[in-house]
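**Q** Attaching a single structure in structure tokens format; questions to follow.
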Amino acid sequence: MLLAVLFLTAPLLAQQSQDDSAADSSSYMPPLSPPAEVRAYDTPDDAGGSITVEWEPSADDTGTEGRVTGYEIFRSESRDSGFESLMCVPGGTITCIDNSALSRVQYYYRVRAFSADAASAGALAGPAMASQQWFNRARVNLMVIACILVFAIVYYIVQSARGKDLYIRKISGLEAVDEAVGRATEMGRPVLFVPGIQDMDNVQTVAGITILANIAKRTATYETALDVPVSRSIVMSTGRETVKQAYLESGRPDLYNDDIVHYITDEQFGYVAAVDGIMVRQKPAACFYLGAFFAESLILAETGNSIGAIQVAGTAMPTQLPFFVAACDYTLIGEELFAASAYLSGDRMMLGSLKGQDAGKAIAMLFILVGVGLATLAAISGSEALTTLSEWMRYMFRVN
Amino acid sequence: MKRSIPLLITFLVGVALILAMFIPHWPFNVLNERFSIFYDIIAVFAFILGGGNLLKVHMRKVQRKGGDWKYSLVTIIGFFLMLGAGLMKIGVPEGLSGDYQATGSLFKYLYDSAFQPLQATMFSLLAFFVASASYRAFRAKTREATILLVAAFIILLRPTPLGYYLTFWLPEPLQFLHIPNLSTWILSVPNMAGQRAIMIGIALGIVSTSLRLILGIERSYLGSEGKG
């Protein structure tokens with residue numbers, strides 16, 4: 001009788017057991033080794049809301065031949081219950097970052113290894129709490145370098161302001177500005193100034209506009225027409241103020257009108273088409289391209305070349321520099337664009353900043369030489385101390 | 001006062017953004033994003049100024065029948081045609097509630113059929129200009145130009161079968177002269193060194209310019225170089 005009851009109820013009990021198993025969050029069998037030394041901690045140097053979980057790989061996670069296909073990470077605010085699956089990462093991974101954590105809330109984590117048909121027990125870590133930091137230690141090197149550069153620049157600005165004579169090397173592209181404006185004056189043709197196609201939030205455009213101030217002073221003095229087509233509305237407003245003030249300072253406010261700086265379009269090639277049209281129709285004797293340029297650089301410079309204009313270009317876009325070098329008479333390469341305004345103004349404090357810039361370059365050269373020397377010596381001698389020193393230098397100049 | 005307040009704002013914003021580079025804590029962590037939003041808001045108003053200026057300049061030209069006024073007329077017609085097509089949502093299947101760029105709309109038709117081909121035409125001019133500029137740059141008049149010409153020739157040969165077959169037979173000790181190897185070396189050693197030197201100079205220039213702006217030494221962008 002008992003046997004008959006057991007026989008009849010066995011399938012029902014088996015069914016219930018399967019249901020219980022399905023209700024469990026785990027659908028894996030657990031013969032795999034769990035990951036070891038799991039630890040969870042606040043992700044350093046961030047704005048909070050992030051916890052890093054690290055672990056040693058499971059003993060069954062042995063590369064492509066290992067059984068482990070991945071790790072599943074669970075999270076709970078309680079140590080003993082309420083764990084919910086957070087994410088899965090592929091086998092071989094030993095760390096993950098939980099970016100959904102709330103700051104100042106304690107969390108516990110469980111990490112388990114799984115394969116196609118099995119799962120390990122979960123290894124517990126925590127509590128860990130996300131918090132905001134007041135200093136990003138990963139950028140200490142950047143801060144040190146920035147401090148050295150700022151100190152060098154400010155030092156030379158102060159020295160220059162105190163009246164110390166500073167030698168500034170001649171920049172032929174900037175020496176040619178007077179020549180170009182003079183040529184336009186003699187020929188009775190306008191000067192064209194293109195401040196690039198980026199907005200005022202780009203430092204190259206700012207540099208271009210500051211040079212425009214100097215060029216506008218010369219065109220006002222020589223009574224030469226100036227044309228500044230721009231591709232951004234804010235550049236137009238800033239350019240107008242700059243040119244207006246330059247004409248005022250040159251004692252020729254009567255020559256200024258708002259149409260000197262005029263807006264064309266934000267569209268790159270629409271702008272190029274319009275500027276090319278202006279070049280071909282008005283035939284300016286001098287063309288200045290100073291700012292941020294992209295594919296339009298060569299189209300502008302070649303059109304300027306075809307009309308026989310004297311051309312001065314300057315940009316900090318390394319990919320466009322070869323085009324300007326090939327097509328223009330003078331090219332301000334990278335840093336020279338930023339130096340131009342100070343160079344042309346002749347202002348002592350501005351020139352001091354240029355000297356500081358050169359000091360920064362000397363410091364950079366020194367570190368490059370020392371770094372190359374150390375790396376070479378470390379490779380030749382195999383010395384551990386030299387290798388460590390060389391690696392430290394590499395770390396110092398790493399951008400985070 | 002007119003210049004002091006902008007200078008003070010420049011100083012405060014500059015210093016705050018530098019601090020934000022090193023402080024991940026609130027509110028520094030959101031400063032960059034917030035200032036970008038402020039900038040976008042200002043840019044929207046300035047855009048109206050730009051559009052207004054475009055119309056003013058070209059309408060005056062048409063009115064006075066100044067030189068090349070017909071081009072100005074085309075500009076004005078194009079401006080209003082695109083603006084009208086977008087604002088009135090002409091041809092949009094859902095009417096005024098639909099997207100102005102929806103398939104079938106006049107705006108999309110004009111954009112795809114006129115604007116894009118015109119842009120592509122301008123861009124394609126680059127191919128011809130590259131040829132003419134290269135011709136001038138690579139003329140072996142000086143020692144530097146000759147080096148440039150040889151280097152460019154080797155790099156241009158690299159992706160071609162000829163580049164491979166010309167030098168593949170070189171013995172092992174001379175394999176560094178095999179054109180693909182030589183080309184890789186030119187790109188990754190002298191070229192890279194030059195680029196890095198330029199990049200370091202640019203970075204220093206940006207630091208220097210930024211300091212001049214933050215400290216108020218550079219003021220010409222404010223409309224004055226005089227003492228504020």
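In the structure tokens, each chain is lettered A, B, ... as it comes, each chain's residues begin at 1, and ligands are numbered from 1 in order of appearance.
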Excluding A:Lys283 and residues on its chain fewer than 2 positions from it, collect all residues at most 12 Å away from it, counting only C-alpha atoms, and give them as a list in words.

**A** Ala184, Met187, Gly188, Arg189, Pro190, Val191, Leu192, Ala225, Asp227, Val275, Asp276, Gly277, Ile278, Met279, Val280, Arg281, Ala285, Ala286, Cys287, Thr303, Gly304, Asn305, Ser306, Ile307, Gly308, Ala309 and Ile310 of chain A

**Q** Once you have the residues from the selection above, write them out as a PDB file, in the first residue's frame, restricted to N, CA and C atoms.

**A**
ATOM      1  N   ALA A 184      48.640  94.709 -51.005  1.00  0.00           N
ATOM      2  CA  ALA A 184      47.222  94.940 -51.314  1.00  0.00           C
ATOM      3  C   ALA A 184      46.950  96.430 -51.482  1.00  0.00           C
ATOM      4  N   MET A 187      48.296  97.631 -54.798  1.00  0.00           N
ATOM      5  CA  MET A 187      47.515  97.139 -55.946  1.00  0.00           C
ATOM      6  C   MET A 187      46.081  97.645 -55.929  1.00  0.00           C
ATOM      7  N   GLY A 188      45.669  98.259 -54.817  1.00  0.00           N
ATOM      8  CA  GLY A 188      44.299  98.754 -54.709  1.00  0.00           C
ATOM      9  C   GLY A 188      43.273  97.638 -54.619  1.00  0.00           C
ATOM     10  N   ARG A 189      43.715  96.520 -54.077  1.00  0.00           N
ATOM     11  CA  ARG A 189      42.795  95.381 -53.940  1.00  0.00           C
ATOM     12  C   ARG A 189      42.553  95.078 -52.458  1.00  0.00           C
ATOM     13  N   PRO A 190      41.493  94.362 -52.147  1.00  0.00           N
ATOM     14  CA  PRO A 190      41.207  94.107 -50.724  1.00  0.00           C
ATOM     15  C   PRO A 190      42.105  93.030 -50.098  1.00  0.00           C
ATOM     16  N   VAL A 191      42.026  92.958 -48.771  1.00  0.00           N
ATOM     17  CA  VAL A 191      42.682  91.889 -48.007  1.00  0.00           C
ATOM     18  C   VAL A 191      41.571  90.950 -47.542  1.00  0.00           C
ATOM     19  N   LEU A 192      41.776  89.659 -47.735  1.00  0.00           N
ATOM     20  CA  LEU A 192      40.778  88.676 -47.312  1.00  0.00           C
ATOM     21  C   LEU A 192      41.293  87.949 -46.070  1.00  0.00           C
ATOM     22  N   ALA A 225      40.893  97.977 -48.145  1.00  0.00           N
ATOM     23  CA  ALA A 225      39.636  97.274 -47.865  1.00  0.00           C
ATOM     24  C   ALA A 225      39.922  95.916 -47.225  1.00  0.00           C
ATOM     25  N   ASP A 227      38.057  92.235 -45.970  1.00  0.00           N
ATOM     26  CA  ASP A 227      36.858  91.398 -46.084  1.00  0.00           C
ATOM     27  C   ASP A 227      37.040  90.170 -45.202  1.00  0.00           C
ATOM     28  N   VAL A 275      33.427  81.629 -50.319  1.00  0.00           N
ATOM     29  CA  VAL A 275      34.725  82.315 -50.188  1.00  0.00           C
ATOM     30  C   VAL A 275      35.498  82.225 -51.509  1.00  0.00           C
ATOM     31  N   ASP A 276      35.422  81.081 -52.155  1.00  0.00           N
ATOM     32  CA  ASP A 276      36.071  80.942 -53.472  1.00  0.00           C
ATOM     33  C   ASP A 276      35.486  81.947 -54.464  1.00  0.00           C
ATOM     34  N   GLY A 277      34.165  82.096 -54.394  1.00  0.00           N
ATOM     35  CA  GLY A 277      33.492  83.062 -55.268  1.00  0.00           C
ATOM     36  C   GLY A 277      33.994  84.477 -55.009  1.00  0.00           C
ATOM     37  N   ILE A 278      34.112  84.808 -53.729  1.00  0.00           N
ATOM     38  CA  ILE A 278      34.608  86.148 -53.353  1.00  0.00           C
ATOM     39  C   ILE A 278      36.022  86.339 -53.912  1.00  0.00           C
ATOM     40  N   MET A 279      36.846  85.304 -53.776  1.00  0.00           N
ATOM     41  CA  MET A 279      38.235  85.390 -54.261  1.00  0.00           C
ATOM     42  C   MET A 279      38.277  85.631 -55.766  1.00  0.00           C
ATOM     43  N   VAL A 280      37.505  84.833 -56.485  1.00  0.00           N
ATOM     44  CA  VAL A 280      37.565  84.901 -57.945  1.00  0.00           C
ATOM     45  C   VAL A 280      37.007  86.239 -58.455  1.00  0.00           C
ATOM     46  N   ARG A 281      35.987  86.752 -57.782  1.00  0.00           N
ATOM     47  CA  ARG A 281      35.362  88.012 -58.242  1.00  0.00           C
ATOM     48  C   ARG A 281      36.137  89.243 -57.792  1.00  0.00           C
ATOM     49  N   ALA A 285      44.407  90.888 -52.966  1.00  0.00           N
ATOM     50  CA  ALA A 285      45.856  90.789 -53.183  1.00  0.00           C
ATOM     51  C   ALA A 285      46.524  89.991 -52.070  1.00  0.00           C
ATOM     52  N   ALA A 286      45.875  89.935 -50.917  1.00  0.00           N
ATOM     53  CA  ALA A 286      46.451  89.173 -49.797  1.00  0.00           C
ATOM     54  C   ALA A 286      45.359  88.347 -49.135  1.00  0.00           C
ATOM     55  N   CYS A 287      45.661  87.068 -48.901  1.00  0.00           N
ATOM     56  CA  CYS A 287      44.687  86.187 -48.246  1.00  0.00           C
ATOM     57  C   CYS A 287      45.316  85.632 -46.972  1.00  0.00           C
ATOM     58  N   THR A 303      42.740  78.138 -54.649  1.00  0.00           N
ATOM     59  CA  THR A 303      42.012  79.208 -55.351  1.00  0.00           C
ATOM     60  C   THR A 303      42.758  80.521 -55.176  1.00  0.00           C
ATOM     61  N   GLY A 304      43.233  80.767 -53.946  1.00  0.00           N
ATOM     62  CA  GLY A 304      44.022  81.976 -53.681  1.00  0.00           C
ATOM     63  C   GLY A 304      45.275  82.006 -54.528  1.00  0.00           C
ATOM     64  N   ASN A 305      45.887  80.856 -54.677  1.00  0.00           N
ATOM     65  CA  ASN A 305      47.099  80.757 -55.493  1.00  0.00           C
ATOM     66  C   ASN A 305      46.793  81.079 -56.953  1.00  0.00           C
ATOM     67  N   SER A 306      45.630  80.595 -57.417  1.00  0.00           N
ATOM     68  CA  SER A 306      45.287  80.781 -58.834  1.00  0.00           C
ATOM     69  C   SER A 306      45.042  82.254 -59.172  1.00  0.00           C
ATOM     70  N   ILE A 307      44.649  83.062 -58.162  1.00  0.00           N
ATOM     71  CA  ILE A 307      44.413  84.492 -58.459  1.00  0.00           C
ATOM     72  C   ILE A 307      45.664  85.322 -58.175  1.00  0.00           C
ATOM     73  N   GLY A 308      46.732  84.668 -57.786  1.00  0.00           N
ATOM     74  CA  GLY A 308      48.010  85.359 -57.592  1.00  0.00           C
ATOM     75  C   GLY A 308      48.118  86.149 -56.306  1.00  0.00           C
ATOM     76  N   ALA A 309      47.300  85.787 -55.302  1.00  0.00           N
ATOM     77  CA  ALA A 309      47.357  86.510 -54.030  1.00  0.00           C
ATOM     78  C   ALA A 309      48.539  86.045 -53.194  1.00  0.00           C
ATOM     79  N   ILE A 310      49.080  86.959 -52.392  1.00  0.00           N
ATOM     80  CA  ILE A 310      50.100  86.545 -51.429  1.00  0.00           C
ATOM     81  C   ILE A 310      49.326  85.905 -50.262  1.00  0.00           C
TER      82      ILE A 310
END

**Q** May I have the residues within 7 Å of stretch 3-19 of chain B as a ChimeraX atom specification, using only C-alpha atoms and disregarding those fewer than 4 positions away in the same chain?

**A** /B:23,31-32,214-216,228

**Q** Just how far from atom CA of A:Thr43 is atom CA of B:Ala20, in Å to one decimal?

**A**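 One can read the atom CA of B:Ala20 to atom CA of A:Thr43 distance as 18.1 Å.
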
**Q** Which one of A:Phe323, A:Tyr330, A:Tyr263, A:Tyr271 sits closest to B:Lys56 if you count only C-alpha atoms?

**A**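 Closest candidate: A:Tyr263.
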
**Q** Quick one: which chain B residues come within 8 Å of chain A, and what is the nearest atom pair for each with the distance in Å to one decimal, counting only C-alpha atoms, rows ordered by chain and ascending number, as a Markdown table?

**A**
| residue | atom | partner | partner_atom | distance |
| --- | --- | --- | --- | --- |
| B:Phe22 | CA | A:Asn136 | CA | 5.2 |
| B:Ile23 | CA | A:Phe135 | CA | 4.7 |
| B:Pro24 | CA | A:Ala47 | CA | 4.9 |
| B:His25 | CA | A:Ala47 | CA | 5.0 |
| B:Trp26 | CA | A:Ala47 | CA | 6.7 |
| B:Asn29 | CA | A:Ala47 | CA | 6.6 |
| B:Ala43 | CA | A:Ile234 | CA | 6.5 |
| B:Ala46 | CA | A:Ser233 | CA | 5.2 |
| B:Phe47 | CA | A:Ser233 | CA | 5.3 |
| B:Leu49 | CA | A:Ser233 | CA | 6.6 |
| B:Gly50 | CA | A:Ser233 | CA | 4.7 |
| B:Gly51 | CA | A:Tyr263 | CA | 7.5 |
| B:Asn53 | CA | A:Tyr263 | CA | 6.4 |
| B:Leu54 | CA | A:Tyr263 | CA | 5.8 |
| B:Val57 | CA | A:Asp259 | CA | 7.1 |
| B:Gln119 | CA | A:Phe269 | CA | 5.5 |
| B:Met122 | CA | A:Phe269 | CA | 6.1 |
| B:Phe123 | CA | A:Phe269 | CA | 7.0 |
| B:Leu125 | CA | A:Ile299 | CA | 7.2 |
| B:Leu126 | CA | A:Ile299 | CA | 6.1 |
| B:Phe129 | CA | A:Glu302 | CA | 6.4 |
| B:Val130 | CA | A:Leu298 | CA | 7.4 |
| B:Ala133 | CA | A:Ala326 | CA | 5.8 |
| B:Ser134 | CA | A:Ala326 | CA | 7.0 |
| B:Arg136 | CA | A:Ala326 | CA | 7.0 |
| B:Ala137 | CA | A:Ala326 | CA | 5.1 |
| B:Gln195 | CA | A:Pro318 | CA | 7.0 |
| B:Ile198 | CA | A:Gly334 | CA | 6.2 |
| B:Met199 | CA | A:Gly334 | CA | 7.4 |
| B:Ile200 | CA | A:Lys361 | CA | 7.8 |
| B:Gly201 | CA | A:Glu335 | CA | 5.0 |
| B:Ile202 | CA | A:Glu335 | CA | 4.6 |
| B:Ala203 | CA | A:Glu335 | CA | 7.7 |
| B:Leu204 | CA | A:Gln357 | CA | 6.0 |
| B:Gly205 | CA | A:Glu335 | CA | 4.7 |
| B:Ile206 | CA | A:Phe338 | CA | 6.8 |
| B:Val207 | CA | A:Val150 | CA | 7.8 |
| B:Ser208 | CA | A:Gln357 | CA | 6.2 |
| B:Thr209 | CA | A:Phe338 | CA | 6.2 |
| B:Ser210 | CA | A:Val203 | CA | 7.8 |
| B:Leu211 | CA | A:Val150 | CA | 7.7 |
| B:Arg212 | CA | A:Met350 | CA | 7.3 |
| B:Ile217 | CA | A:Met350 | CA | 6.7 |
| B:Glu218 | CA | A:Met350 | CA | 7.3 |
| B:Ser220 | CA | A:Thr210 | CA | 5.5 |
| B:Tyr221 | CA | A:Thr210 | CA | 5.7 |
| B:Leu222 | CA | A:Thr242 | CA | 6.6 |
| B:Gly223 | CA | A:Thr242 | CA | 4.2 |
| B:Ser224 | CA | A:Gln245 | CA | 5.8 |

**Q** Excluding B:Thr167 and residues on its chain fewer than 3 positions from it, collect all residues at most 7 Å away from it, counting only C-alpha atoms, and give them as a list in words.

**A**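 Here the qualifying residues turn out to be Tyr164, Leu170, His178 and Ile179 of chain B.
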
**Q** Distance atom CA of A:Ala123-atom CA of A:Thr69, one decimal place?

**A**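 Calculated distance between atom CA of A:Ala123 and atom CA of A:Thr69 is 16.9 Å.
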